[in-house]
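*Asks:* Data: my_file_17.cif, mmCIF, C-alpha atoms and all ligand atoms.
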data_start
#
loop_
_atom_site.label_atom_id
_atom_site.label_comp_id
_atom_site.auth_asym_id
_atom_site.auth_seq_id
_atom_site.Cartn_x
_atom_site.Cartn_y
_atom_site.Cartn_z
CA MET A 1339 0.00 0.00 0.00
CA ARG A 1340 1.42 3.36 -1.12
CA GLN A 1341 1.76 6.03 1.59
CA ILE A 1342 0.83 9.42 0.18
CA ASP A 1343 1.16 12.50 2.38
CA VAL A 1344 0.04 15.79 0.83
CA ASN A 1345 -0.05 17.85 4.04
CA PHE A 1346 3.05 19.94 3.48
CA PHE A 1347 3.72 23.58 2.82
CA PRO A 1348 6.62 24.57 0.53
CA GLY A 1349 9.85 23.06 1.84
CA TRP A 1350 7.94 20.00 3.16
CA VAL A 1351 7.09 21.74 6.43
CA ARG A 1352 3.78 21.49 8.29
CA LYS A 1353 3.81 24.89 9.97
CA SER A 1354 3.03 28.18 8.28
CA LEU A 1355 3.77 31.57 9.79
CA THR A 1356 2.34 34.98 8.94
CA PHE A 1357 1.19 38.30 10.37
CA THR A 1358 -1.89 40.46 9.89
CA ILE A 1359 -1.25 44.08 10.88
CA ASP A 1360 -3.95 46.77 10.70
CA ASP A 1361 -4.29 50.50 10.03
CA GLY A 1362 -1.22 51.40 7.94
CA ASN A 1363 0.60 53.31 10.66
CA ILE A 1364 3.70 54.18 8.63
CA PRO A 1365 6.27 54.93 11.38
CA MET A 1366 5.17 51.94 13.42
CA ASP A 1367 4.89 49.58 10.42
CA ARG A 1368 8.41 50.67 9.46
CA LYS A 1369 9.70 49.74 12.89
CA PHE A 1370 7.75 46.45 12.77
CA MET A 1371 9.38 45.61 9.41
CA GLU A 1372 12.82 46.22 10.93
CA TYR A 1373 12.14 43.19 13.13
CA VAL A 1374 10.31 40.80 10.82
CA LYS A 1375 12.20 41.44 7.59
CA PRO A 1376 15.64 40.21 8.69
CA ALA A 1377 13.89 37.15 10.19
CA GLY A 1378 12.38 36.31 6.80
CA ILE A 1379 8.87 36.58 8.25
CA ARG A 1380 6.24 37.71 5.76
CA GLY A 1381 2.62 38.73 6.08
CA THR A 1382 -0.22 41.10 5.33
CA PHE A 1383 -0.80 44.79 6.08
CA ASN A 1384 -4.43 45.92 6.22
CA LEU A 1385 -4.90 49.48 5.00
CA LYS A 1386 -7.78 51.90 5.46
CA THR A 1387 -8.42 54.83 3.17
CA PRO A 1388 -8.05 57.72 2.59
CA LEU A 1389 -4.28 57.35 2.76
CA THR A 1390 -2.82 60.65 3.80
CA ALA A 1391 0.55 60.04 5.50
CA MET A 1392 2.59 60.31 2.29
CA PRO A 1393 2.19 60.40 -1.51
CA LEU A 1394 0.28 57.37 -2.79
CA GLU A 1395 3.19 56.03 -4.85
CA ASP A 1396 5.32 55.98 -1.71
CA TYR A 1397 2.83 53.57 -0.10
CA VAL A 1398 3.41 51.12 -2.95
CA THR A 1399 7.19 51.29 -2.46
CA PHE A 1400 6.91 51.11 1.30
CA TYR A 1401 4.76 47.94 1.32
CA LYS A 1402 6.54 46.20 -1.57
CA GLY A 1403 6.86 42.47 -0.92
CA TYR A 1404 3.90 42.33 1.46
CA GLU A 1405 0.26 41.51 0.84
CA ILE A 1406 -2.24 44.35 1.27
CA ALA A 1407 -5.81 43.86 2.47
CA ASN A 1408 -8.88 46.10 2.73
CA HIS A 1409 -9.52 47.69 6.15
CA CYS A 1410 -12.38 49.90 4.90
CA LYS A 1411 -12.63 53.55 3.98
CA PHE A 1412 -12.93 55.81 7.04
CA HIS A 1413 -12.19 52.80 9.28
CA ALA A 1414 -15.97 52.73 9.55
CA TYR A 1415 -18.23 50.90 11.94
CA ALA A 1416 -21.32 49.08 10.78
CA LEU A 1417 -24.36 50.83 12.13
CA THR A 1418 -26.14 48.45 14.45
CA GLU A 1419 -29.90 48.12 14.49
CA LYS A 1420 -29.91 49.56 17.99
CA THR A 1421 -27.91 52.65 17.01
CA LYS A 1422 -30.07 53.07 13.95
CA ARG A 1423 -33.26 52.93 15.99
CA GLU A 1424 -31.87 55.49 18.36
CA ILE A 1425 -30.92 57.82 15.53
CA LYS A 1426 -34.36 57.45 13.98
CA ASN A 1427 -36.12 58.19 17.24
CA GLU A 1428 -33.74 61.04 17.96
CA LEU A 1429 -32.93 59.38 21.24
CA PHE A 1430 -29.30 60.37 21.19
CA ASP A 1431 -28.74 62.06 24.45
CA PRO A 1432 -25.82 61.80 26.87
CA GLU A 1433 -28.10 60.54 29.63
CA THR A 1434 -30.37 58.11 27.83
CA ALA A 1435 -28.72 56.68 24.73
CA ASP A 1436 -25.38 55.03 25.50
CA LYS A 1437 -24.07 58.50 26.25
CA ALA A 1438 -23.73 59.07 22.55
CA TYR A 1439 -24.62 61.68 19.98
CA ALA A 1440 -24.96 60.98 16.30
CA TYR A 1441 -24.74 63.41 13.42
CA LEU A 1442 -25.26 62.76 9.77
CA THR A 1443 -22.05 63.56 7.88
CA ASP A 1444 -21.75 65.10 4.41
CA GLU A 1445 -21.83 61.56 3.03
CA PRO A 1446 -25.35 60.08 2.81
CA ASP A 1447 -26.09 57.34 5.36
CA LEU A 1448 -22.81 57.84 7.17
CA TYR A 1449 -23.05 59.01 10.77
CA ARG A 1450 -20.46 60.55 13.01
CA ILE A 1451 -21.07 59.16 16.46
CA HIS A 1452 -19.63 60.84 19.54
CA THR A 1453 -19.59 58.80 22.71
CA TYR A 1454 -18.14 59.75 26.06
CA ALA A 1455 -14.93 57.97 25.08
CA TRP A 1456 -14.38 58.36 21.37
CA THR A 1457 -15.74 59.38 17.99
CA TYR A 1458 -16.33 57.08 15.08
CA LEU A 1459 -18.07 56.86 11.74
CA ALA A 1460 -20.83 54.33 11.20
CA GLY A 1461 -22.70 53.45 8.04
CA THR A 1462 -25.90 51.67 7.12
CA PRO A 1463 -25.24 48.24 5.50
CA GLU A 1464 -25.40 49.70 2.00
CA LYS A 1465 -23.22 52.66 2.95
CA TYR A 1466 -20.79 50.38 4.74
CA LEU A 1467 -20.37 48.25 1.63
CA ASP A 1468 -19.85 51.40 -0.39
CA CYS A 1469 -16.97 52.33 1.97
CA VAL A 1470 -15.55 48.82 1.52
CA ASP A 1471 -15.86 49.13 -2.25
CA GLN A 1472 -14.25 52.57 -2.41
CA CYS A 1473 -11.31 51.33 -0.32
CA GLN A 1474 -11.05 48.26 -2.56
CA LYS A 1475 -10.98 50.34 -5.73
CA GLN A 1476 -8.33 52.71 -4.45
CA LEU A 1477 -6.08 49.93 -3.14
CA GLU A 1478 -6.45 47.96 -6.39
CA GLU A 1479 -5.55 51.06 -8.36
CA MET A 1480 -2.41 51.43 -6.28
CA PHE A 1481 -1.30 47.83 -5.75
CA GLY A 1482 -2.81 46.07 -8.76
CA LYS A 1483 -6.08 44.52 -9.84
CA GLY A 1484 -6.79 41.23 -8.10
CA LYS A 1485 -4.15 41.88 -5.42
CA ILE A 1486 -6.50 42.97 -2.64
CA ARG A 1487 -8.25 39.80 -1.55
CA GLY A 1488 -8.78 40.01 2.19
CA PHE A 1489 -11.03 42.20 4.31
CA VAL A 1490 -10.44 43.09 7.94
CA TRP A 1491 -13.25 44.57 10.06
CA PRO A 1492 -12.23 47.90 11.59
CA CYS A 1493 -12.71 47.87 15.37
CA GLY A 1494 -13.41 44.14 15.43
CA GLU A 1495 -16.28 42.13 14.11
CA GLN A 1496 -19.34 44.34 13.60
CA LYS A 1497 -22.62 42.92 14.81
CA ASN A 1498 -24.77 43.73 11.84
CA GLU A 1499 -25.91 40.64 9.97
CA LYS A 1500 -27.01 42.45 6.84
CA THR A 1501 -23.64 44.17 6.55
CA PHE A 1502 -21.89 40.85 7.13
CA ASP A 1503 -24.02 39.18 4.42
CA LEU A 1504 -23.20 41.94 1.93
CA LEU A 1505 -19.54 41.64 2.81
CA LYS A 1506 -19.57 37.86 2.27
CA GLN A 1507 -21.17 38.34 -1.14
CA TYR A 1508 -18.46 40.81 -2.13
CA GLY A 1509 -16.12 37.93 -2.90
CA PHE A 1510 -13.26 38.35 -0.45
CA GLN A 1511 -10.99 35.36 0.06
CA SER A 1512 -11.18 35.98 3.79
CA ILE A 1513 -12.81 38.27 6.36
CA ARG A 1514 -10.87 38.74 9.58
CA LYS A 1515 -12.24 39.76 12.96
CA THR A 1516 -10.35 40.73 16.12
CA GLY A 1517 -9.27 38.70 19.14
CA THR A 1518 -6.67 36.01 19.71
CA THR A 1519 -7.56 32.39 19.12
CA THR A 1520 -4.32 31.23 20.87
CA ASP A 1521 -4.12 27.45 20.84
CA SER A 1522 -7.83 26.67 21.13
CA THR A 1523 -7.87 25.22 17.62
CA GLY A 1524 -4.55 23.35 17.80
CA PHE A 1525 -3.13 25.93 15.37
CA ALA A 1526 -5.42 24.55 12.66
CA LEU A 1527 -6.02 26.56 9.51
CA PRO A 1528 -9.17 28.64 10.03
CA ALA A 1529 -12.25 26.43 9.63
CA ASP A 1530 -14.29 29.40 8.42
CA ARG A 1531 -12.38 32.13 6.60
CA THR A 1532 -15.19 34.63 7.03
CA VAL A 1533 -14.65 34.79 10.81
CA TRP A 1534 -10.98 34.00 11.20
CA SER A 1535 -8.60 35.79 13.58
CA TYR A 1536 -4.96 35.83 14.62
CA ASN A 1537 -3.36 33.49 17.16
CA ALA A 1538 -1.41 35.99 19.22
CA ASN A 1539 -0.91 39.70 19.77
CA TYR A 1540 1.41 41.82 21.93
CA THR A 1541 -0.20 40.49 25.13
CA ASN A 1542 0.71 36.84 24.64
CA LEU A 1543 3.19 36.63 21.78
CA CYS A 1544 6.09 34.94 23.61
CA PRO A 1545 4.20 32.05 25.23
CA VAL A 1546 2.08 31.36 22.13
CA ALA A 1547 5.15 31.48 19.87
CA LYS A 1548 6.86 28.93 22.14
CA LEU A 1549 3.73 26.78 22.12
CA TYR A 1550 3.67 26.87 18.33
CA ASP A 1551 7.36 26.02 18.07
CA GLU A 1552 6.90 23.01 20.34
CA TYR A 1553 3.53 21.94 18.94
CA PRO A 1554 3.91 18.26 17.98
CA ASP A 1555 3.47 17.11 14.40
CA ASP A 1556 0.02 15.52 14.05
CA GLY A 1557 0.17 15.25 10.29
CA GLU A 1558 -2.00 18.34 9.71
CA LEU A 1559 -1.14 21.69 8.14
CA LYS A 1560 -0.66 24.35 10.84
CA PHE A 1561 -1.27 28.10 10.92
CA PHE A 1562 0.07 30.88 13.09
CA ALA A 1563 -0.76 34.54 12.51
CA LEU A 1564 0.49 37.42 14.63
CA GLY A 1565 -1.80 40.45 14.96
CA VAL A 1566 -2.86 43.18 15.15
CA HIS A 1567 -1.33 46.71 15.34
CA SER A 1568 2.36 47.57 15.02
CA LYS A 1569 1.61 50.52 17.30
CA ASP A 1570 0.74 48.17 20.19
CA PHE A 1571 4.40 47.16 20.51
CA GLU A 1572 5.31 50.81 20.98
CA THR A 1573 2.38 51.77 23.23
CA TYR A 1574 2.87 48.86 25.60
CA GLY A 1575 6.69 48.65 25.34
CA LYS A 1576 6.66 45.20 23.77
CA TRP A 1577 9.25 45.44 20.98
CA ASP A 1578 11.46 43.00 22.92
CA ASP A 1579 8.65 40.45 22.68
CA LEU A 1580 8.56 40.91 18.91
CA LYS A 1581 12.33 40.43 18.87
CA PHE A 1582 11.94 37.23 20.89
CA PHE A 1583 9.32 36.01 18.40
CA CYS A 1584 11.55 36.79 15.41
CA ASP A 1585 14.64 35.23 17.03
CA LEU A 1586 12.71 32.09 17.95
CA LEU A 1587 10.66 31.45 14.82
CA GLY A 1588 12.44 33.46 12.12
CA ASN A 1589 15.06 32.21 9.65
CA ARG A 1590 14.05 28.57 10.02
CA PRO A 1591 12.80 27.51 6.57
CA GLU A 1592 13.34 23.88 7.55
CA ASP A 1593 10.54 24.28 10.13
CA PHE A 1594 8.26 27.09 8.92
CA TRP A 1595 6.80 28.42 5.71
CA TYR A 1596 6.82 32.23 5.76
CA ALA A 1597 4.03 33.63 3.61
CA SER A 1598 1.25 36.19 3.46
CA VAL A 1599 -2.25 35.32 4.68
CA GLY A 1600 -3.55 35.05 1.11
CA GLU A 1601 -0.72 32.79 0.00
CA ILE A 1602 -1.37 30.40 2.86
CA PHE A 1603 -5.08 30.17 2.03
CA ASP A 1604 -4.26 29.71 -1.68
CA TYR A 1605 -1.88 26.92 -0.83
CA GLU A 1606 -4.44 25.21 1.41
CA ASP A 1607 -6.99 25.32 -1.43
CA ALA A 1608 -4.47 23.80 -3.80
CA VAL A 1609 -3.76 20.94 -1.39
CA LYS A 1610 -7.50 20.26 -1.16
CA ALA A 1611 -7.73 20.18 -4.96
CA ILE A 1612 -5.21 17.33 -5.36
CA GLU A 1613 -6.76 14.29 -7.02
CA ILE A 1614 -5.45 10.88 -6.04
CA THR A 1615 -6.38 7.68 -7.87
CA GLU A 1616 -4.88 4.17 -8.09
CA GLU A 1617 -2.86 5.21 -11.11
CA LYS A 1618 -1.77 8.75 -10.47
CA ILE A 1619 -1.76 11.90 -8.38
CA VAL A 1620 -2.85 15.11 -10.12
CA ASN A 1621 -2.29 18.77 -9.24
CA PRO A 1622 -4.86 20.75 -11.26
CA THR A 1623 -3.82 24.09 -9.70
CA PRO A 1624 -1.32 26.79 -10.71
CA ILE A 1625 0.65 26.23 -7.49
CA ASP A 1626 3.64 23.89 -7.04
CA LEU A 1627 2.89 21.43 -4.25
CA PHE A 1628 5.18 19.55 -1.91
CA ILE A 1629 4.24 15.96 -1.15
CA LYS A 1630 5.75 12.72 0.09
CA ILE A 1631 5.21 9.30 -1.41
CA ASP A 1632 6.45 6.43 0.77
CA GLY A 1633 8.41 8.96 2.79
CA LYS A 1634 10.24 10.32 -0.25
CA ARG A 1635 9.94 14.01 -1.19
CA TYR A 1636 8.34 14.99 -4.48
CA THR A 1637 7.46 18.34 -5.98
CA LEU A 1638 4.10 18.05 -7.68
CA ALA A 1639 4.47 20.94 -10.09
CA ALA A 1640 1.59 23.23 -11.05
CA ASN A 1641 -0.86 21.60 -13.50
CA SER A 1642 1.04 18.34 -13.56
CA GLU A 1643 0.71 14.75 -12.43
CA ILE A 1644 2.82 11.91 -11.16
CA VAL A 1645 1.90 8.52 -12.62
CA PHE A 1646 2.68 5.58 -10.37
ZN ZN B 1701 -8.16 49.23 12.50
#
Here is a file; write its structure as C-alpha cells.
Ligand SMILES: [Zn+2]

*Replies:*
Amino acid sequence: MRQIDVNFFPGWVRKSLTFTIDDGNIPMDRKFMEYVKPAGIRGTFNLKTPLTAMPLEDYVTFYKGYEIANHCKFHAYALTEKTKREIKNELFDPETADKAYAYLTDEPDLYRIHTYAWTYLAGTPEKYLDCVDQCQKQLEEMFGKGKIRGFVWPCGEQKNEKTFDLLKQYGFQSIRKTGTTTDSTGFALPADRTVWSYNANYTNLCPVAKLYDEYPDDGELKFFALGVHSKDFETYGKWDDLKFFCDLLGNRPEDFWYASVGEIFDYEDAVKAIEITEEKIVNPTPIDLFIKIDGKRYTLAANSEIVF
C-alpha cells in the first residue's frame, strides 16, 4: 500500500507563519518591518483609506513584498440596528442613549457618532459596503487589480448581519475579525475564513510562539498569525517580545513556511484540490505542491501529475 502525504507547505514543512497588521501606521509599520524582515517573516498589512501620510506612490514602495488587504474607507463601523433605531427616534442624548450623539455627515447614510470615550463613523449596511468598495478600488488602483483579496473589520467584528451578508457576497478570500484564538484550535487553519482571527498579539506573543514552536506534528497543516497593530508594541513597550518572536521562529525555513495570509489560504486550497487515484496523483492548480510518497519528497508541479 502506497503512503501518500500531501499535508506539506513549501519546503515540506507542516507549519506556516504569517502576520496580519492593521491600520497602515507608517512609522510603526516601518519599525515592525525592521524586526520581521531580517527574520524572513512575511505577512499582510491591512490598510484603510483615505491614505494621507505620504504620496500614494510611496505607499506602494513602502509595502513592496507584502500583501495588502482592505480595512475599509474611514475605518468605519457598521451601524447596528440599535444605534439606527436610536438615531431614527432622535434618542441620542448623553443621559439616555449610551451616552452618545450621532450626526449625519456630508456623506449620505454615514453618521459621526460621539460617545463619552471616542468618535467614530458608522454606516448603514449599504453605505458600509460602499466604503468597503471605495477602499477596494483605491487599493487595487495602487497595488494592482486582483491583489487585494482580504477584508479586515475595523474595530473588530461588527454585529450587523445584513452588513456581514453583503460583505460575504463581495467575494473576499477571507474576512478577519479581532481577538486572539491562541491554541484553542490546535493551530489549525481557520475552519471558516469569514470569521478568522490571529493566534497571538502583543499580550501573549512569547508564550504562544513557544507553544507553536513546540507543537507536535500531528500530520495536519498548521497556521500561526500574529496580529494586530504595530503601534501596540510601541504603546505597551513590547518590541522586545517581537524580537523574541523573530529570534525564535524566524530564519528557520526547515521548520516554517513564511508567507502572506492570502498565500497560505491559496496553498491550502491547492492541497485540497489534489486528485489521487490508483494510477496517479494530479495537481490541477497553478501552485507547485510539496508531497511525500512512501516517505520520499516529491514536488508536484503546477498543472502536472505523477503517474505511479
Ligand atoms: Zn483598524

*Asks:* Using 10 Å as the limit and counting all atoms listed in the file, can you tabulate each residue of chain A that touches ligand ZN 1701 (chain B), with its shortest atom-to-atom distance in Å and the two atoms involved, as CSV?

*Replies:*
residue,atom,partner,partner_atom,distance
A:Ile1359,CA,B:ZN1701,ZN,8.8
A:Asp1360,CA,B:ZN1701,ZN,5.2
A:Asp1361,CA,B:ZN1701,ZN,4.8
A:Gly1362,CA,B:ZN1701,ZN,8.6
A:Asn1363,CA,B:ZN1701,ZN,9.8
A:Asn1384,CA,B:ZN1701,ZN,8.0
A:Leu1385,CA,B:ZN1701,ZN,8.2
A:Lys1386,CA,B:ZN1701,ZN,7.5
A:His1409,CA,B:ZN1701,ZN,6.7
A:Cys1410,CA,B:ZN1701,ZN,8.7
A:Phe1412,CA,B:ZN1701,ZN,9.8
A:His1413,CA,B:ZN1701,ZN,6.3
A:Ala1414,CA,B:ZN1701,ZN,9.1
A:Val1490,CA,B:ZN1701,ZN,8.0
A:Trp1491,CA,B:ZN1701,ZN,7.3
A:Pro1492,CA,B:ZN1701,ZN,4.4
A:Cys1493,CA,B:ZN1701,ZN,5.5
A:Gly1494,CA,B:ZN1701,ZN,7.9
A:Thr1516,CA,B:ZN1701,ZN,9.5
A:Val1566,CA,B:ZN1701,ZN,8.5
A:His1567,CA,B:ZN1701,ZN,7.8

*Asks:* With all atoms listed in the file counted, which protein, DNA or RNA residues have an atom no more than 9 Å from (7.3, 19.6, -1.7) in the file frame? Please answer as a PyMOL selection string.

*Replies:* chain A and resi 1344+1346-1351+1626-1630+1635-1639

*Asks:* If we draw a sphere of 10 Å around (8.1, 32.0, 10.6), which residues have at least one atom in it when counting only C-alpha atoms? Please report them as a list in words.

*Replies:*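 Nearby residues: Lys1353, Ser1354, Leu1355, Thr1356, Phe1357, Val1374, Ala1377, Gly1378, Ile1379, Arg1380, Gly1381, Ala1547, Asp1551, Phe1562, Ala1563, Phe1583, Cys1584, Asp1585, Leu1586, Leu1587, Gly1588, Asn1589, Arg1590, Pro1591, Asp1593, Phe1594, Trp1595, Tyr1596 and Ala1597 of chain A.
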
*Asks:* Between CA of Leu1564 (chain A) and CA of Leu1417 (chain A), what is the distance in Å, rounded to a tenth?

*Replies:*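 Answer for the CA of Leu1564 (chain A) to CA of Leu1417 (chain A) separation: 28.3 Å.
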
*Asks:* Would you mind listing what lies within 10 Å of Tyr1550 (chain A) as a count of residues only, with only C-alpha atoms counted and same-chain residues fewer than 2 positions away left out?

*Replies:* 19

*Asks:* So how far away is CA of Gly1461 (chain A) from CA of Ala1529 (chain A), in Å?

*Replies:* 29.0 Å

*Asks:* Which residue out of A:Lys1485, A:Lys1515, A:Lys1618, A:Arg1352 has the minimum interatomic distance to Gly1600 (chain A) when all atoms listed in the file are used?

*Replies:*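 Among the listed residues, the smallest separation from Gly1600 (chain A) belongs to A:Lys1485.
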
*Asks:* To one decimal place, how far is CA of Lys1402 (chain A) from CA of Lys1375 (chain A) in Å?

*Replies:*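 Between CA of Lys1402 (chain A) and CA of Lys1375 (chain A) the gap is 11.8 Å.
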
*Asks:* Go through A:Leu1477, A:Asp1367, A:Glu1643, A:Ala1407 one by one, measure the shortest atom-to-atom distance of each to Thr1615 (chain A) using only C-alpha atoms, and give the residue with the smallest value.

*Replies:*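 Residue with the minimum atom-to-atom distance to Thr1615 (chain A): A:Glu1643.
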
*Asks:* Which residue gives the smallest distance to Pro1376 (chain A) among A:Arg1487, A:Arg1340, A:Lys1475, A:Lys1581, with only C-alpha atoms counted?

*Replies:*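 Once distances to Pro1376 (chain A) are computed over only C-alpha atoms, the minimum belongs to A:Lys1581.
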
*Asks:* Which residue out of A:Phe1603, A:Tyr1540, A:Trp1577, A:Phe1582 has the minimum interatomic distance to Phe1370 (chain A) when only C-alpha atoms are used?

*Replies:* A:Trp1577

*Asks:* List as a VMD selection string the protein and nucleic acid residues near Val1398 (chain A), meaning an atom at most 8 Å away when all atoms listed in the file are counted, but skip any in the same chain fewer than 4 places from it.

*Replies:* chain A and resid 1394 1402 1480 to 1481

*Asks:* Of the residues A:Leu1505, A:Ile1644, A:Glu1395, A:Met1371, which is the one nearest to Asp1471 (chain A), using all atoms listed in the file?

*Replies:*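 Checking each of A:Leu1505, A:Ile1644, A:Glu1395, A:Met1371 against Asp1471 (chain A), counting all atoms listed in the file, the winner is A:Leu1505.
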
*Asks:* Which is closest to Pro1365 (chain A) among A:Thr1382, A:Met1392, A:Ile1451, A:Ser1598, if we use all atoms listed in the file?

*Replies:*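 Comparing A:Thr1382, A:Met1392, A:Ile1451, A:Ser1598 against Pro1365 (chain A), the winner is A:Met1392.
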
*Asks:* Centre and edge lengths of an axis-aligned box around all listed atoms of region 1375-1393 of chain A, with 6 Å added on each side, are to be given in Å to one decimal, as lines of an AutoDock Vina configuration file.

*Replies:*
center_x = 3.6
center_y = 48.5
center_z = 4.3
size_x = 36.1
size_y = 36.3
size_z = 23.7

*Asks:* Is there a way to complete region 1388-1415 of chain A with N, CA and C atoms and then write that out as a PDB file, in the frame of the given file?

*Replies:*
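Below is the file that was written, rebuild12.pdb:
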ATOM      1  N   PRO A1388      -9.112  57.187   3.455  1.00  0.00           N
ATOM      2  CA  PRO A1388      -8.050  57.720   2.590  1.00  0.00           C
ATOM      3  C   PRO A1388      -6.656  57.585   3.218  1.00  0.00           C
ATOM      4  N   LEU A1389      -5.668  57.468   2.320  1.00  0.00           N
ATOM      5  CA  LEU A1389      -4.280  57.350   2.760  1.00  0.00           C
ATOM      6  C   LEU A1389      -3.646  58.732   2.669  1.00  0.00           C
ATOM      7  N   THR A1390      -3.225  59.236   3.796  1.00  0.00           N
ATOM      8  CA  THR A1390      -2.820  60.650   3.800  1.00  0.00           C
ATOM      9  C   THR A1390      -1.415  60.886   4.365  1.00  0.00           C
ATOM     10  N   ALA A1391      -0.737  59.828   4.818  1.00  0.00           N
ATOM     11  CA  ALA A1391       0.550  60.040   5.500  1.00  0.00           C
ATOM     12  C   ALA A1391       1.672  60.401   4.545  1.00  0.00           C
ATOM     13  N   MET A1392       1.535  60.003   3.270  1.00  0.00           N
ATOM     14  CA  MET A1392       2.590  60.310   2.290  1.00  0.00           C
ATOM     15  C   MET A1392       1.995  60.164   0.893  1.00  0.00           C
ATOM     16  N   PRO A1393       2.738  60.561  -0.148  1.00  0.00           N
ATOM     17  CA  PRO A1393       2.190  60.400  -1.510  1.00  0.00           C
ATOM     18  C   PRO A1393       1.843  58.939  -1.788  1.00  0.00           C
ATOM     19  N   LEU A1394       0.779  58.732  -2.580  1.00  0.00           N
ATOM     20  CA  LEU A1394       0.280  57.370  -2.790  1.00  0.00           C
ATOM     21  C   LEU A1394       1.342  56.422  -3.350  1.00  0.00           C
ATOM     22  N   GLU A1395       2.187  56.927  -4.262  1.00  0.00           N
ATOM     23  CA  GLU A1395       3.190  56.030  -4.850  1.00  0.00           C
ATOM     24  C   GLU A1395       4.211  55.567  -3.806  1.00  0.00           C
ATOM     25  N   ASP A1396       4.392  56.374  -2.770  1.00  0.00           N
ATOM     26  CA  ASP A1396       5.320  55.980  -1.710  1.00  0.00           C
ATOM     27  C   ASP A1396       4.772  54.809  -0.891  1.00  0.00           C
ATOM     28  N   TYR A1397       3.440  54.721  -0.787  1.00  0.00           N
ATOM     29  CA  TYR A1397       2.830  53.570  -0.100  1.00  0.00           C
ATOM     30  C   TYR A1397       3.195  52.266  -0.816  1.00  0.00           C
ATOM     31  N   VAL A1398       3.147  52.325  -2.153  1.00  0.00           N
ATOM     32  CA  VAL A1398       3.410  51.120  -2.950  1.00  0.00           C
ATOM     33  C   VAL A1398       4.859  50.666  -2.715  1.00  0.00           C
ATOM     34  N   THR A1399       5.781  51.619  -2.705  1.00  0.00           N
ATOM     35  CA  THR A1399       7.190  51.290  -2.460  1.00  0.00           C
ATOM     36  C   THR A1399       7.372  50.767  -1.042  1.00  0.00           C
ATOM     37  N   PHE A1400       6.744  51.452  -0.113  1.00  0.00           N
ATOM     38  CA  PHE A1400       6.910  51.110   1.300  1.00  0.00           C
ATOM     39  C   PHE A1400       6.463  49.676   1.608  1.00  0.00           C
ATOM     40  N   TYR A1401       5.335  49.269   1.007  1.00  0.00           N
ATOM     41  CA  TYR A1401       4.760  47.940   1.320  1.00  0.00           C
ATOM     42  C   TYR A1401       5.145  46.866   0.297  1.00  0.00           C
ATOM     43  N   LYS A1402       6.123  47.165  -0.538  1.00  0.00           N
ATOM     44  CA  LYS A1402       6.540  46.200  -1.570  1.00  0.00           C
ATOM     45  C   LYS A1402       6.968  44.881  -0.912  1.00  0.00           C
ATOM     46  N   GLY A1403       6.487  43.790  -1.457  1.00  0.00           N
ATOM     47  CA  GLY A1403       6.860  42.470  -0.920  1.00  0.00           C
ATOM     48  C   GLY A1403       5.869  41.935   0.098  1.00  0.00           C
ATOM     49  N   TYR A1404       4.904  42.774   0.494  1.00  0.00           N
ATOM     50  CA  TYR A1404       3.900  42.330   1.460  1.00  0.00           C
ATOM     51  C   TYR A1404       2.527  42.317   0.789  1.00  0.00           C
ATOM     52  N   GLU A1405       1.641  41.485   1.330  1.00  0.00           N
ATOM     53  CA  GLU A1405       0.260  41.510   0.840  1.00  0.00           C
ATOM     54  C   GLU A1405      -0.474  42.686   1.484  1.00  0.00           C
ATOM     55  N   ILE A1406      -1.403  43.268   0.738  1.00  0.00           N
ATOM     56  CA  ILE A1406      -2.240  44.350   1.270  1.00  0.00           C
ATOM     57  C   ILE A1406      -3.685  43.886   1.287  1.00  0.00           C
ATOM     58  N   ALA A1407      -4.384  44.186   2.388  1.00  0.00           N
ATOM     59  CA  ALA A1407      -5.810  43.860   2.470  1.00  0.00           C
ATOM     60  C   ALA A1407      -6.616  45.116   2.785  1.00  0.00           C
ATOM     61  N   ASN A1408      -7.920  44.996   2.608  1.00  0.00           N
ATOM     62  CA  ASN A1408      -8.880  46.100   2.730  1.00  0.00           C
ATOM     63  C   ASN A1408      -9.329  46.252   4.185  1.00  0.00           C
ATOM     64  N   HIS A1409      -9.115  47.433   4.757  1.00  0.00           N
ATOM     65  CA  HIS A1409      -9.520  47.690   6.150  1.00  0.00           C
ATOM     66  C   HIS A1409     -10.568  48.807   6.192  1.00  0.00           C
ATOM     67  N   CYS A1410     -11.211  49.028   5.045  1.00  0.00           N
ATOM     68  CA  CYS A1410     -12.380  49.900   4.900  1.00  0.00           C
ATOM     69  C   CYS A1410     -12.065  51.404   4.892  1.00  0.00           C
ATOM     70  N   LYS A1411     -12.729  52.093   4.004  1.00  0.00           N
ATOM     71  CA  LYS A1411     -12.630  53.550   3.980  1.00  0.00           C
ATOM     72  C   LYS A1411     -13.178  54.121   5.292  1.00  0.00           C
ATOM     73  N   PHE A1412     -12.551  55.120   5.786  1.00  0.00           N
ATOM     74  CA  PHE A1412     -12.930  55.810   7.040  1.00  0.00           C
ATOM     75  C   PHE A1412     -12.803  54.936   8.286  1.00  0.00           C
ATOM     76  N   HIS A1413     -12.266  53.685   8.111  1.00  0.00           N
ATOM     77  CA  HIS A1413     -12.190  52.800   9.280  1.00  0.00           C
ATOM     78  C   HIS A1413     -13.581  52.721   9.935  1.00  0.00           C
ATOM     79  N   ALA A1414     -14.593  52.549   9.092  1.00  0.00           N
ATOM     80  CA  ALA A1414     -15.970  52.730   9.550  1.00  0.00           C
ATOM     81  C   ALA A1414     -16.521  51.558  10.361  1.00  0.00           C
ATOM     82  N   TYR A1415     -17.439  51.891  11.222  1.00  0.00           N
ATOM     83  CA  TYR A1415     -18.230  50.900  11.940  1.00  0.00           C
ATOM     84  C   TYR A1415     -19.469  50.578  11.108  1.00  0.00           C
TER      85      TYR A1415
END
